[in-house]
Amino acid sequence: MKNHLKEGLCTIFLLIFFFFLPTSLYAQLEANTSDDQANTTLTVLDWAKPSKFDTGQNSAIAIHSSGLIVEVHATESITHNGLYYHIGQLNSDTGTISWGPSRLFISAGAWPAVAITREGYVIITWSDGFYKCCSDLKYLVGTVDLDGGTSQRIDFKTASKGTTFDSGFHNSISVNGIGVIAEAHESGSGGKGIYYRLGHLTNPAGGDFSISWDTGTKGLKYDDGINPNISVNDDNNVIEVHNVTGEGKTHYIRGKVGLNSTQINFVKPHPRLEGSGSNPNVVLLNNSSIVEVSFNLAGIKYITGTLNGANEVKWSEATVIDDTKDRHVPSVAANGSRVIATFGDPYDAINKSVHLWYTTAPLP
């Protein structure tokens, strides 16, 4: 009798609860269910078995629509702090990459990043300090022959030791097909903020390869965090991902480049990408699809996504790329037909075998 009475009271309570449930909350519950269903329909990528291509650490990569690749990384050596680049060529049919020689371009630096324009202008950035307490950001701009093969060198057009453009640490850079440059970085003076800049090459056709920063002389703070990575597509849509110290989650922010590239209009409040992962890296394609990669104890994991409406992003579940356990610090780039990820071995203080790896996957 008592059990029947308890069951009846529970039923009455649930009916009252759902009757008085706020409409907004009920709609959110429905939306969450819809999101979960949408996640199952997003792209699953067929990654190739990872291949070694060099030794080093903290690789970053950019790819042109022609399949020409520029990769940059820091040395694994404890005897010097040089930064190097590779020219590569993607075989779009097989997904394999032919690599040219590794070439030193700066004698000391950290966390290099790279982007390549439609015309074949290469932009490389890096931190000149090794700790965020005291670091500036520098850039080089050069040209490559898009049909010149993998043995060519980048023909640098700006100051050989780099041009300082801000105080900052561990930055990323992206450029779209209309020449808008988006850059994001950590504070270079020990603060917890993350900052962005927008700019363009001043007049490369006329021989001026410097960067004009349309957002002003300093970075604009948009959040607190570490490991920021940014991507901008030809529609001036922006996706940024980053971590927060001590939290163990990847956060993302969607935005849109504003009038005259003077600011990014970020969606507020900033939504958070559920899941663990560090050193996230992201690419936003012109068809509004997204590939994000990050480090996880199980390996390098990836998430696909797509812009949804004016403010939202639909994300898939995270999946670990096969044969990537114990790999670290991934980078990702795509050219519309294939996506490429690079990553490294754990740092080895004895410097015996700190390899860099790559894998590719076809895009639908």
# chains A, B, ... in the order shown; residues from 1 in each chain; ligands from 1
$ closest_atom_pairs --of "stretch 225-301 of chain A" --to "stretch 99-121 of chain A" --cutoff "12 Å" --atoms "only C-alpha atoms" --output "CSV"
residue,atom,partner,partner_atom,distance
A:Asn227,CA,A:Trp111,CA,10.2
A:Pro228,CA,A:Ala113,CA,11.7
A:Asn229,CA,A:Ala113,CA,9.9
A:Ile230,CA,A:Ala113,CA,11.0
A:Ser231,CA,A:Ala115,CA,10.1
A:Val232,CA,A:Ala115,CA,11.1
A:Asn233,CA,A:Thr117,CA,11.7
A:Asp234,CA,A:Arg118,CA,10.9
A:Asn279,CA,A:Trp111,CA,11.5
A:Asn281,CA,A:Ala113,CA,11.2
A:Val283,CA,A:Ala115,CA,11.5
$ write_last_selection --atoms "N, CA, C and O atoms" --output "compact mmCIF listing (two decimals), in the first residue's frame"
# COMPACT_ATOMS: atom_id res chain seq x y z
N ASN A 227 46.98 29.04 -25.29
CA ASN A 227 46.98 28.24 -26.54
C ASN A 227 45.91 28.69 -27.54
O ASN A 227 45.19 27.84 -28.10
N PRO A 228 45.79 29.97 -27.83
CA PRO A 228 44.73 30.40 -28.77
C PRO A 228 45.09 30.03 -30.21
O PRO A 228 46.23 30.13 -30.63
N ASN A 229 44.08 29.62 -30.96
CA ASN A 229 44.27 29.31 -32.37
C ASN A 229 43.07 29.84 -33.13
O ASN A 229 41.93 29.63 -32.72
N ILE A 230 43.32 30.50 -34.27
CA ILE A 230 42.26 31.22 -34.97
C ILE A 230 42.27 30.86 -36.45
O ILE A 230 43.31 30.55 -37.03
N SER A 231 41.08 30.87 -37.06
CA SER A 231 40.94 30.61 -38.49
C SER A 231 39.86 31.50 -39.06
O SER A 231 38.79 31.67 -38.46
N VAL A 232 40.12 32.08 -40.25
CA VAL A 232 39.16 32.96 -40.92
C VAL A 232 38.95 32.45 -42.34
O VAL A 232 39.90 32.05 -43.01
N ASN A 233 37.69 32.41 -42.80
CA ASN A 233 37.43 31.95 -44.17
C ASN A 233 37.08 33.12 -45.09
O ASN A 233 37.08 34.28 -44.67
N ASP A 234 36.78 32.81 -46.34
CA ASP A 234 36.58 33.87 -47.34
C ASP A 234 35.31 34.69 -47.11
O ASP A 234 35.16 35.77 -47.69
N ASN A 279 46.25 22.25 -26.36
CA ASN A 279 46.84 22.73 -27.60
C ASN A 279 45.92 22.54 -28.80
O ASN A 279 46.28 21.93 -29.80
N ASN A 281 43.80 23.19 -32.22
CA ASN A 281 44.13 23.83 -33.49
C ASN A 281 42.93 23.65 -34.39
O ASN A 281 42.29 22.58 -34.38
N VAL A 283 40.70 24.69 -38.27
CA VAL A 283 40.62 25.26 -39.60
C VAL A 283 39.14 25.38 -39.98
O VAL A 283 38.35 24.45 -39.77
$ atom_distance --atom1 "atom CA of A:Glu76" --atom2 "atom CA of A:Asn58"
9.2 Å
$ residues_around --residues "stretch 161-166 of chain A" --least-positions-apart "2" --cutoff "7 Å" --atoms "only C-alpha atoms" --output "PyMOL selection string"
chain A and resi 106+136-140+159+168+218
$ select_by_dssp --residues "stretch 78-161 of chain A" --states "strand (DSSP E or B)" --output "ChimeraX atom specification"
/A:81,83-90,97-99,103-106,108,110-116,121-127,136-143,155-156
$ closest_atom_pairs --of "stretch 302-331 of chain A" --to "stretch 353-360 of chain A" --cutoff "12 Å" --atoms "only C-alpha atoms" --output "JSON lines"
{"residue": "A:Ile321", "atom": "CA", "partner": "A:Thr359", "partner_atom": "CA", "distance": 9.2}
{"residue": "A:Asp322", "atom": "CA", "partner": "A:Thr359", "partner_atom": "CA", "distance": 10.0}
{"residue": "A:Asp323", "atom": "CA", "partner": "A:Thr359", "partner_atom": "CA", "distance": 10.2}
{"residue": "A:Thr324", "atom": "CA", "partner": "A:Trp357", "partner_atom": "CA", "distance": 9.3}
{"residue": "A:Asp326", "atom": "CA", "partner": "A:Val354", "partner_atom": "CA", "distance": 11.6}
{"residue": "A:Arg327", "atom": "CA", "partner": "A:Trp357", "partner_atom": "CA", "distance": 8.7}
{"residue": "A:His328", "atom": "CA", "partner": "A:Leu356", "partner_atom": "CA", "distance": 9.5}
{"residue": "A:Val329", "atom": "CA", "partner": "A:Leu356", "partner_atom": "CA", "distance": 10.1}
{"residue": "A:Pro330", "atom": "CA", "partner": "A:Tyr358", "partner_atom": "CA", "distance": 9.3}
{"residue": "A:Ser331", "atom": "CA", "partner": "A:Tyr358", "partner_atom": "CA", "distance": 9.3}
$ closest_residue --among "A:Gly177, A:Gly56, A:Gly142, A:Pro269" --to "A:Thr125" --atoms "only C-alpha atoms"
A:Gly142
$ select_by_dssp --residues "stretch 193-290 of chain A" --states "helix (DSSP H, G or I)" --output "list in words"
Pro204, Ala205, Gly206, Leu259, Asn260 and Ser261 of chain A
$ residues_around --residues "A:Gly193" --least-positions-apart "6" --cutoff "9 Å" --atoms "only C-alpha atoms" --output "list in words"
His185, Glu186, Ser187, Lys221, Tyr222, Asp223, Asp224, Gly225 and Ile226 of chain A
$ residues_around --residues "A:His270" --least-positions-apart "3" --cutoff "9 Å" --atoms "only C-alpha atoms" --output "ChimeraX atom specification"
/A:223,251-254,266-267
$ write_last_selection --atoms "N, CA, C and O atoms" --output "mmCIF file, in the first residue's frame"
data_model
loop_
_atom_site.group_PDB
_atom_site.id
_atom_site.type_symbol
_atom_site.label_atom_id
_atom_site.label_comp_id
_atom_site.auth_asym_id
_atom_site.auth_seq_id
_atom_site.Cartn_x
_atom_site.Cartn_y
_atom_site.Cartn_z
ATOM 1 N N ASP A 223 39.316 37.490 -24.381
ATOM 2 C CA ASP A 223 38.995 36.474 -23.385
ATOM 3 C C ASP A 223 40.230 36.236 -22.534
ATOM 4 O O ASP A 223 41.295 36.821 -22.779
ATOM 5 N N HIS A 251 37.802 25.459 -25.359
ATOM 6 C CA HIS A 251 36.755 26.452 -25.545
ATOM 7 C C HIS A 251 36.780 26.933 -26.995
ATOM 8 O O HIS A 251 37.830 26.925 -27.630
ATOM 9 N N TYR A 252 35.636 27.357 -27.504
ATOM 10 C CA TYR A 252 35.614 27.935 -28.843
ATOM 11 C C TYR A 252 34.786 29.203 -28.846
ATOM 12 O O TYR A 252 33.918 29.415 -27.988
ATOM 13 N N ILE A 253 35.084 30.067 -29.807
ATOM 14 C CA ILE A 253 34.320 31.294 -29.998
ATOM 15 C C ILE A 253 34.089 31.479 -31.492
ATOM 16 O O ILE A 253 35.003 31.304 -32.289
ATOM 17 N N ARG A 254 32.869 31.804 -31.851
ATOM 18 C CA ARG A 254 32.555 32.133 -33.239
ATOM 19 C C ARG A 254 32.489 33.648 -33.385
ATOM 20 O O ARG A 254 32.067 34.366 -32.468
ATOM 21 N N PHE A 266 32.587 39.022 -32.002
ATOM 22 C CA PHE A 266 32.454 37.691 -31.427
ATOM 23 C C PHE A 266 31.056 37.496 -30.851
ATOM 24 O O PHE A 266 30.450 38.431 -30.306
ATOM 25 N N VAL A 267 30.561 36.272 -30.954
ATOM 26 C CA VAL A 267 29.285 35.920 -30.349
ATOM 27 C C VAL A 267 29.446 35.952 -28.827
ATOM 28 O O VAL A 267 30.422 35.437 -28.288
#
$ closest_residue --among "A:Ser127, A:Thr143, A:Ser294, A:Thr150" --to "A:Phe169" --atoms "only C-alpha atoms"
A:Ser127
$ atom_distance --atom1 "atom CA of A:Leu284" --atom2 "atom CA of A:Val141"
22.5 Å
$ residues_around --residues "A:Leu273" --least-positions-apart "3" --cutoff "12 Å" --atoms "only C-alpha atoms" --output "PDB file with all heavy atoms, in the first residue's frame"
ATOM      1  N   ILE A 239      36.547  31.304 -36.493  1.00  0.00           N
ATOM      2  CA  ILE A 239      36.467  30.362 -35.373  1.00  0.00           C
ATOM      3  C   ILE A 239      37.775  30.447 -34.608  1.00  0.00           C
ATOM      4  O   ILE A 239      38.860  30.422 -35.205  1.00  0.00           O
ATOM      5  CB  ILE A 239      36.229  28.916 -35.849  1.00  0.00           C
ATOM      6  CG1 ILE A 239      34.796  28.743 -36.316  1.00  0.00           C
ATOM      7  CG2 ILE A 239      36.532  27.910 -34.741  1.00  0.00           C
ATOM      8  CD1 ILE A 239      33.764  28.768 -35.201  1.00  0.00           C
ATOM      9  N   GLU A 240      37.670  30.551 -33.289  1.00  0.00           N
ATOM     10  CA  GLU A 240      38.850  30.563 -32.422  1.00  0.00           C
ATOM     11  C   GLU A 240      38.676  29.477 -31.367  1.00  0.00           C
ATOM     12  O   GLU A 240      37.557  29.262 -30.863  1.00  0.00           O
ATOM     13  CB  GLU A 240      38.996  31.929 -31.751  1.00  0.00           C
ATOM     14  CG  GLU A 240      40.263  32.104 -30.930  1.00  0.00           C
ATOM     15  CD  GLU A 240      40.134  31.623 -29.496  1.00  0.00           C
ATOM     16  OE1 GLU A 240      39.011  31.205 -29.087  1.00  0.00           O
ATOM     17  OE2 GLU A 240      41.132  31.655 -28.761  1.00  0.00           O
ATOM     18  N   VAL A 241      39.762  28.771 -31.033  1.00  0.00           N
ATOM     19  CA  VAL A 241      39.750  27.768 -29.968  1.00  0.00           C
ATOM     20  C   VAL A 241      40.905  28.053 -29.012  1.00  0.00           C
ATOM     21  O   VAL A 241      41.947  28.583 -29.409  1.00  0.00           O
ATOM     22  CB  VAL A 241      39.859  26.331 -30.522  1.00  0.00           C
ATOM     23  CG1 VAL A 241      38.604  25.943 -31.288  1.00  0.00           C
ATOM     24  CG2 VAL A 241      41.092  26.168 -31.410  1.00  0.00           C
ATOM     25  N   HIS A 242      40.727  27.703 -27.739  1.00  0.00           N
ATOM     26  CA  HIS A 242      41.780  27.910 -26.749  1.00  0.00           C
ATOM     27  C   HIS A 242      41.510  27.066 -25.515  1.00  0.00           C
ATOM     28  O   HIS A 242      40.438  26.474 -25.367  1.00  0.00           O
ATOM     29  CB  HIS A 242      41.894  29.387 -26.364  1.00  0.00           C
ATOM     30  CG  HIS A 242      40.672  29.946 -25.692  1.00  0.00           C
ATOM     31  ND1 HIS A 242      39.628  30.505 -26.398  1.00  0.00           N
ATOM     32  CD2 HIS A 242      40.325  30.032 -24.387  1.00  0.00           C
ATOM     33  CE1 HIS A 242      38.697  30.915 -25.568  1.00  0.00           C
ATOM     34  NE2 HIS A 242      39.085  30.631 -24.331  1.00  0.00           N
ATOM     35  N   ASN A 243      42.488  27.006 -24.647  1.00  0.00           N
ATOM     36  CA  ASN A 243      42.343  26.364 -23.346  1.00  0.00           C
ATOM     37  C   ASN A 243      42.295  27.421 -22.252  1.00  0.00           C
ATOM     38  O   ASN A 243      42.592  28.584 -22.491  1.00  0.00           O
ATOM     39  CB  ASN A 243      43.520  25.427 -23.054  1.00  0.00           C
ATOM     40  CG  ASN A 243      43.639  24.285 -24.044  1.00  0.00           C
ATOM     41  OD1 ASN A 243      44.706  24.050 -24.602  1.00  0.00           O
ATOM     42  ND2 ASN A 243      42.556  23.576 -24.267  1.00  0.00           N
ATOM     43  N   GLY A 248      41.333  22.003 -18.347  1.00  0.00           N
ATOM     44  CA  GLY A 248      41.345  20.763 -19.115  1.00  0.00           C
ATOM     45  C   GLY A 248      40.272  20.651 -20.169  1.00  0.00           C
ATOM     46  O   GLY A 248      39.946  19.549 -20.602  1.00  0.00           O
ATOM     47  N   LYS A 249      39.692  21.755 -20.596  1.00  0.00           N
ATOM     48  CA  LYS A 249      38.677  21.739 -21.652  1.00  0.00           C
ATOM     49  C   LYS A 249      39.083  22.664 -22.786  1.00  0.00           C
ATOM     50  O   LYS A 249      39.845  23.610 -22.597  1.00  0.00           O
ATOM     51  CB  LYS A 249      37.310  22.167 -21.117  1.00  0.00           C
ATOM     52  CG  LYS A 249      36.647  21.166 -20.184  1.00  0.00           C
ATOM     53  CD  LYS A 249      35.280  21.662 -19.776  1.00  0.00           C
ATOM     54  CE  LYS A 249      34.583  20.676 -18.850  1.00  0.00           C
ATOM     55  NZ  LYS A 249      34.274  19.395 -19.503  1.00  0.00           N
ATOM     56  N   THR A 250      38.565  22.373 -23.968  1.00  0.00           N
ATOM     57  CA  THR A 250      38.752  23.251 -25.113  1.00  0.00           C
ATOM     58  C   THR A 250      37.549  24.176 -25.229  1.00  0.00           C
ATOM     59  O   THR A 250      36.413  23.724 -25.186  1.00  0.00           O
ATOM     60  CB  THR A 250      38.906  22.434 -26.404  1.00  0.00           C
ATOM     61  OG1 THR A 250      40.081  21.623 -26.315  1.00  0.00           O
ATOM     62  CG2 THR A 250      39.032  23.345 -27.610  1.00  0.00           C
ATOM     63  N   HIS A 251      37.802  25.459 -25.359  1.00  0.00           N
ATOM     64  CA  HIS A 251      36.755  26.452 -25.545  1.00  0.00           C
ATOM     65  C   HIS A 251      36.780  26.933 -26.995  1.00  0.00           C
ATOM     66  O   HIS A 251      37.830  26.925 -27.630  1.00  0.00           O
ATOM     67  CB  HIS A 251      36.987  27.656 -24.635  1.00  0.00           C
ATOM     68  CG  HIS A 251      36.911  27.330 -23.184  1.00  0.00           C
ATOM     69  ND1 HIS A 251      36.362  28.187 -22.266  1.00  0.00           N
ATOM     70  CD2 HIS A 251      37.315  26.250 -22.469  1.00  0.00           C
ATOM     71  CE1 HIS A 251      36.428  27.665 -21.058  1.00  0.00           C
ATOM     72  NE2 HIS A 251      37.017  26.481 -21.160  1.00  0.00           N
ATOM     73  N   TYR A 252      35.636  27.357 -27.504  1.00  0.00           N
ATOM     74  CA  TYR A 252      35.614  27.935 -28.843  1.00  0.00           C
ATOM     75  C   TYR A 252      34.786  29.203 -28.846  1.00  0.00           C
ATOM     76  O   TYR A 252      33.918  29.415 -27.988  1.00  0.00           O
ATOM     77  CB  TYR A 252      35.068  26.946 -29.875  1.00  0.00           C
ATOM     78  CG  TYR A 252      33.557  26.844 -29.901  1.00  0.00           C
ATOM     79  CD1 TYR A 252      32.800  27.631 -30.766  1.00  0.00           C
ATOM     80  CD2 TYR A 252      32.888  25.948 -29.070  1.00  0.00           C
ATOM     81  CE1 TYR A 252      31.416  27.533 -30.792  1.00  0.00           C
ATOM     82  CE2 TYR A 252      31.514  25.842 -29.089  1.00  0.00           C
ATOM     83  CZ  TYR A 252      30.777  26.638 -29.943  1.00  0.00           C
ATOM     84  OH  TYR A 252      29.416  26.550 -29.970  1.00  0.00           O
ATOM     85  N   ILE A 253      35.084  30.067 -29.807  1.00  0.00           N
ATOM     86  CA  ILE A 253      34.320  31.294 -29.998  1.00  0.00           C
ATOM     87  C   ILE A 253      34.089  31.479 -31.492  1.00  0.00           C
ATOM     88  O   ILE A 253      35.003  31.304 -32.289  1.00  0.00           O
ATOM     89  CB  ILE A 253      35.062  32.529 -29.457  1.00  0.00           C
ATOM     90  CG1 ILE A 253      35.515  32.310 -28.001  1.00  0.00           C
ATOM     91  CG2 ILE A 253      34.174  33.763 -29.537  1.00  0.00           C
ATOM     92  CD1 ILE A 253      36.380  33.425 -27.472  1.00  0.00           C
ATOM     93  N   ARG A 254      32.869  31.804 -31.851  1.00  0.00           N
ATOM     94  CA  ARG A 254      32.555  32.133 -33.239  1.00  0.00           C
ATOM     95  C   ARG A 254      32.489  33.648 -33.385  1.00  0.00           C
ATOM     96  O   ARG A 254      32.067  34.366 -32.468  1.00  0.00           O
ATOM     97  CB  ARG A 254      31.222  31.516 -33.647  1.00  0.00           C
ATOM     98  CG  ARG A 254      30.841  31.859 -35.080  1.00  0.00           C
ATOM     99  CD  ARG A 254      29.573  31.181 -35.527  1.00  0.00           C
ATOM    100  NE  ARG A 254      29.174  31.701 -36.823  1.00  0.00           N
ATOM    101  CZ  ARG A 254      28.104  31.300 -37.516  1.00  0.00           C
ATOM    102  NH1 ARG A 254      27.341  30.346 -37.028  1.00  0.00           N
ATOM    103  NH2 ARG A 254      27.821  31.836 -38.681  1.00  0.00           N
ATOM    104  N   HIS A 270      30.379  33.618 -24.848  1.00  0.00           N
ATOM    105  CA  HIS A 270      31.185  32.672 -25.610  1.00  0.00           C
ATOM    106  C   HIS A 270      30.776  31.244 -25.280  1.00  0.00           C
ATOM    107  O   HIS A 270      30.912  30.810 -24.146  1.00  0.00           O
ATOM    108  CB  HIS A 270      32.667  32.852 -25.284  1.00  0.00           C
ATOM    109  CG  HIS A 270      33.171  34.227 -25.590  1.00  0.00           C
ATOM    110  ND1 HIS A 270      34.327  34.722 -25.056  1.00  0.00           N
ATOM    111  CD2 HIS A 270      32.683  35.216 -26.371  1.00  0.00           C
ATOM    112  CE1 HIS A 270      34.530  35.957 -25.490  1.00  0.00           C
ATOM    113  NE2 HIS A 270      33.539  36.269 -26.292  1.00  0.00           N
ATOM    114  N   SER A 276      37.652  17.255 -23.238  1.00  0.00           N
ATOM    115  CA  SER A 276      38.997  17.575 -22.795  1.00  0.00           C
ATOM    116  C   SER A 276      39.900  17.742 -24.008  1.00  0.00           C
ATOM    117  O   SER A 276      39.551  17.374 -25.119  1.00  0.00           O
ATOM    118  CB  SER A 276      39.532  16.458 -21.895  1.00  0.00           C
ATOM    119  OG  SER A 276      39.568  15.235 -22.605  1.00  0.00           O
ATOM    120  N   GLY A 277      41.083  18.274 -23.783  1.00  0.00           N
ATOM    121  CA  GLY A 277      42.031  18.443 -24.877  1.00  0.00           C
ATOM    122  C   GLY A 277      42.885  19.668 -24.654  1.00  0.00           C
ATOM    123  O   GLY A 277      42.412  20.672 -24.111  1.00  0.00           O
ATOM    124  N   PRO A 280      44.689  23.065 -28.719  1.00  0.00           N
ATOM    125  CA  PRO A 280      43.755  22.897 -29.838  1.00  0.00           C
ATOM    126  C   PRO A 280      44.198  23.686 -31.063  1.00  0.00           C
ATOM    127  O   PRO A 280      44.878  24.711 -30.957  1.00  0.00           O
ATOM    128  CB  PRO A 280      42.438  23.434 -29.280  1.00  0.00           C
ATOM    129  CG  PRO A 280      42.866  24.461 -28.273  1.00  0.00           C
ATOM    130  CD  PRO A 280      44.114  23.906 -27.650  1.00  0.00           C
ATOM    131  N   GLU A 292      38.736  20.489 -36.030  1.00  0.00           N
ATOM    132  CA  GLU A 292      39.518  20.889 -34.863  1.00  0.00           C
ATOM    133  C   GLU A 292      40.271  19.677 -34.340  1.00  0.00           C
ATOM    134  O   GLU A 292      39.732  18.565 -34.323  1.00  0.00           O
ATOM    135  CB  GLU A 292      38.591  21.447 -33.777  1.00  0.00           C
ATOM    136  CG  GLU A 292      39.290  22.003 -32.554  1.00  0.00           C
ATOM    137  CD  GLU A 292      39.408  21.003 -31.413  1.00  0.00           C
ATOM    138  OE1 GLU A 292      38.829  19.899 -31.508  1.00  0.00           O
ATOM    139  OE2 GLU A 292      40.090  21.314 -30.428  1.00  0.00           O
ATOM    140  N   ILE A 303      37.562  16.782 -33.967  1.00  0.00           N
ATOM    141  CA  ILE A 303      36.134  17.059 -33.952  1.00  0.00           C
ATOM    142  C   ILE A 303      35.807  17.795 -35.242  1.00  0.00           C
ATOM    143  O   ILE A 303      36.538  18.700 -35.644  1.00  0.00           O
ATOM    144  CB  ILE A 303      35.744  17.929 -32.744  1.00  0.00           C
ATOM    145  CG1 ILE A 303      36.083  17.228 -31.436  1.00  0.00           C
ATOM    146  CG2 ILE A 303      34.268  18.294 -32.773  1.00  0.00           C
ATOM    147  CD1 ILE A 303      35.853  18.086 -30.196  1.00  0.00           C
ATOM    148  N   THR A 304      34.749  17.410 -35.905  1.00  0.00           N
ATOM    149  CA  THR A 304      34.284  18.171 -37.059  1.00  0.00           C
ATOM    150  C   THR A 304      33.090  19.023 -36.643  1.00  0.00           C
ATOM    151  O   THR A 304      32.410  18.741 -35.656  1.00  0.00           O
ATOM    152  CB  THR A 304      33.886  17.263 -38.233  1.00  0.00           C
ATOM    153  OG1 THR A 304      32.828  16.382 -37.813  1.00  0.00           O
ATOM    154  CG2 THR A 304      35.076  16.439 -38.699  1.00  0.00           C
ATOM    155  N   GLY A 305      32.870  20.075 -37.388  1.00  0.00           N
ATOM    156  CA  GLY A 305      31.766  20.958 -37.072  1.00  0.00           C
ATOM    157  C   GLY A 305      31.296  21.710 -38.292  1.00  0.00           C
ATOM    158  O   GLY A 305      31.857  21.582 -39.385  1.00  0.00           O
ATOM    159  N   GLU A 312      25.705  30.065 -34.146  1.00  0.00           N
ATOM    160  CA  GLU A 312      25.969  28.770 -33.536  1.00  0.00           C
ATOM    161  C   GLU A 312      26.960  27.954 -34.347  1.00  0.00           C
ATOM    162  O   GLU A 312      27.253  28.241 -35.508  1.00  0.00           O
ATOM    163  CB  GLU A 312      24.661  27.979 -33.387  1.00  0.00           C
ATOM    164  CG  GLU A 312      23.643  28.647 -32.477  1.00  0.00           C
ATOM    165  CD  GLU A 312      22.361  27.846 -32.389  1.00  0.00           C
ATOM    166  OE1 GLU A 312      22.242  26.822 -33.098  1.00  0.00           O
ATOM    167  OE2 GLU A 312      21.470  28.236 -31.619  1.00  0.00           O
ATOM    168  N   VAL A 313      27.454  26.891 -33.701  1.00  0.00           N
ATOM    169  CA  VAL A 313      28.284  25.885 -34.347  1.00  0.00           C
ATOM    170  C   VAL A 313      27.765  24.515 -33.929  1.00  0.00           C
ATOM    171  O   VAL A 313      27.486  24.286 -32.742  1.00  0.00           O
ATOM    172  CB  VAL A 313      29.767  26.008 -33.944  1.00  0.00           C
ATOM    173  CG1 VAL A 313      30.595  24.940 -34.637  1.00  0.00           C
ATOM    174  CG2 VAL A 313      30.307  27.390 -34.268  1.00  0.00           C
ATOM    175  N   LYS A 314      27.581  23.614 -34.883  1.00  0.00           N
ATOM    176  CA  LYS A 314      27.243  22.223 -34.589  1.00  0.00           C
ATOM    177  C   LYS A 314      28.535  21.418 -34.567  1.00  0.00           C
ATOM    178  O   LYS A 314      29.335  21.497 -35.507  1.00  0.00           O
ATOM    179  CB  LYS A 314      26.301  21.658 -35.659  1.00  0.00           C
ATOM    180  CG  LYS A 314      24.962  22.358 -35.760  1.00  0.00           C
ATOM    181  CD  LYS A 314      24.046  22.003 -34.613  1.00  0.00           C
ATOM    182  CE  LYS A 314      22.642  22.544 -34.856  1.00  0.00           C
ATOM    183  NZ  LYS A 314      21.735  22.248 -33.740  1.00  0.00           N
ATOM    184  N   TRP A 315      28.733  20.636 -33.537  1.00  0.00           N
ATOM    185  CA  TRP A 315      29.965  19.862 -33.385  1.00  0.00           C
ATOM    186  C   TRP A 315      29.667  18.366 -33.336  1.00  0.00           C
ATOM    187  O   TRP A 315      28.653  17.938 -32.807  1.00  0.00           O
ATOM    188  CB  TRP A 315      30.679  20.247 -32.090  1.00  0.00           C
ATOM    189  CG  TRP A 315      31.205  21.649 -32.035  1.00  0.00           C
ATOM    190  CD1 TRP A 315      30.658  22.705 -31.365  1.00  0.00           C
ATOM    191  CD2 TRP A 315      32.394  22.156 -32.659  1.00  0.00           C
ATOM    192  NE1 TRP A 315      31.420  23.829 -31.531  1.00  0.00           N
ATOM    193  CE2 TRP A 315      32.499  23.522 -32.312  1.00  0.00           C
ATOM    194  CE3 TRP A 315      33.382  21.585 -33.460  1.00  0.00           C
ATOM    195  CZ2 TRP A 315      33.554  24.334 -32.748  1.00  0.00           C
ATOM    196  CZ3 TRP A 315      34.424  22.379 -33.887  1.00  0.00           C
ATOM    197  CH2 TRP A 315      34.508  23.735 -33.540  1.00  0.00           C
ATOM    198  N   SER A 316      30.610  17.585 -33.837  1.00  0.00           N
ATOM    199  CA  SER A 316      30.530  16.133 -33.713  1.00  0.00           C
ATOM    200  C   SER A 316      31.109  15.701 -32.372  1.00  0.00           C
ATOM    201  O   SER A 316      31.642  16.514 -31.608  1.00  0.00           O
ATOM    202  CB  SER A 316      31.320  15.464 -34.839  1.00  0.00           C
ATOM    203  OG  SER A 316      32.720  15.623 -34.627  1.00  0.00           O
ATOM    204  N   GLU A 317      31.031  14.420 -32.098  1.00  0.00           N
ATOM    205  CA  GLU A 317      31.743  13.871 -30.953  1.00  0.00           C
ATOM    206  C   GLU A 317      33.234  13.796 -31.278  1.00  0.00           C
ATOM    207  O   GLU A 317      33.623  13.666 -32.443  1.00  0.00           O
ATOM    208  CB  GLU A 317      31.213  12.476 -30.614  1.00  0.00           C
ATOM    209  CG  GLU A 317      29.768  12.452 -30.156  1.00  0.00           C
ATOM    210  CD  GLU A 317      29.552  13.213 -28.854  1.00  0.00           C
ATOM    211  OE1 GLU A 317      30.468  13.174 -28.006  1.00  0.00           O
ATOM    212  OE2 GLU A 317      28.498  13.841 -28.706  1.00  0.00           O
ATOM    213  N   ALA A 318      34.061  13.853 -30.247  1.00  0.00           N
ATOM    214  CA  ALA A 318      35.504  13.741 -30.434  1.00  0.00           C
ATOM    215  C   ALA A 318      35.893  12.304 -30.747  1.00  0.00           C
ATOM    216  O   ALA A 318      35.357  11.366 -30.165  1.00  0.00           O
ATOM    217  CB  ALA A 318      36.228  14.222 -29.184  1.00  0.00           C
TER     218      ALA A 318
END
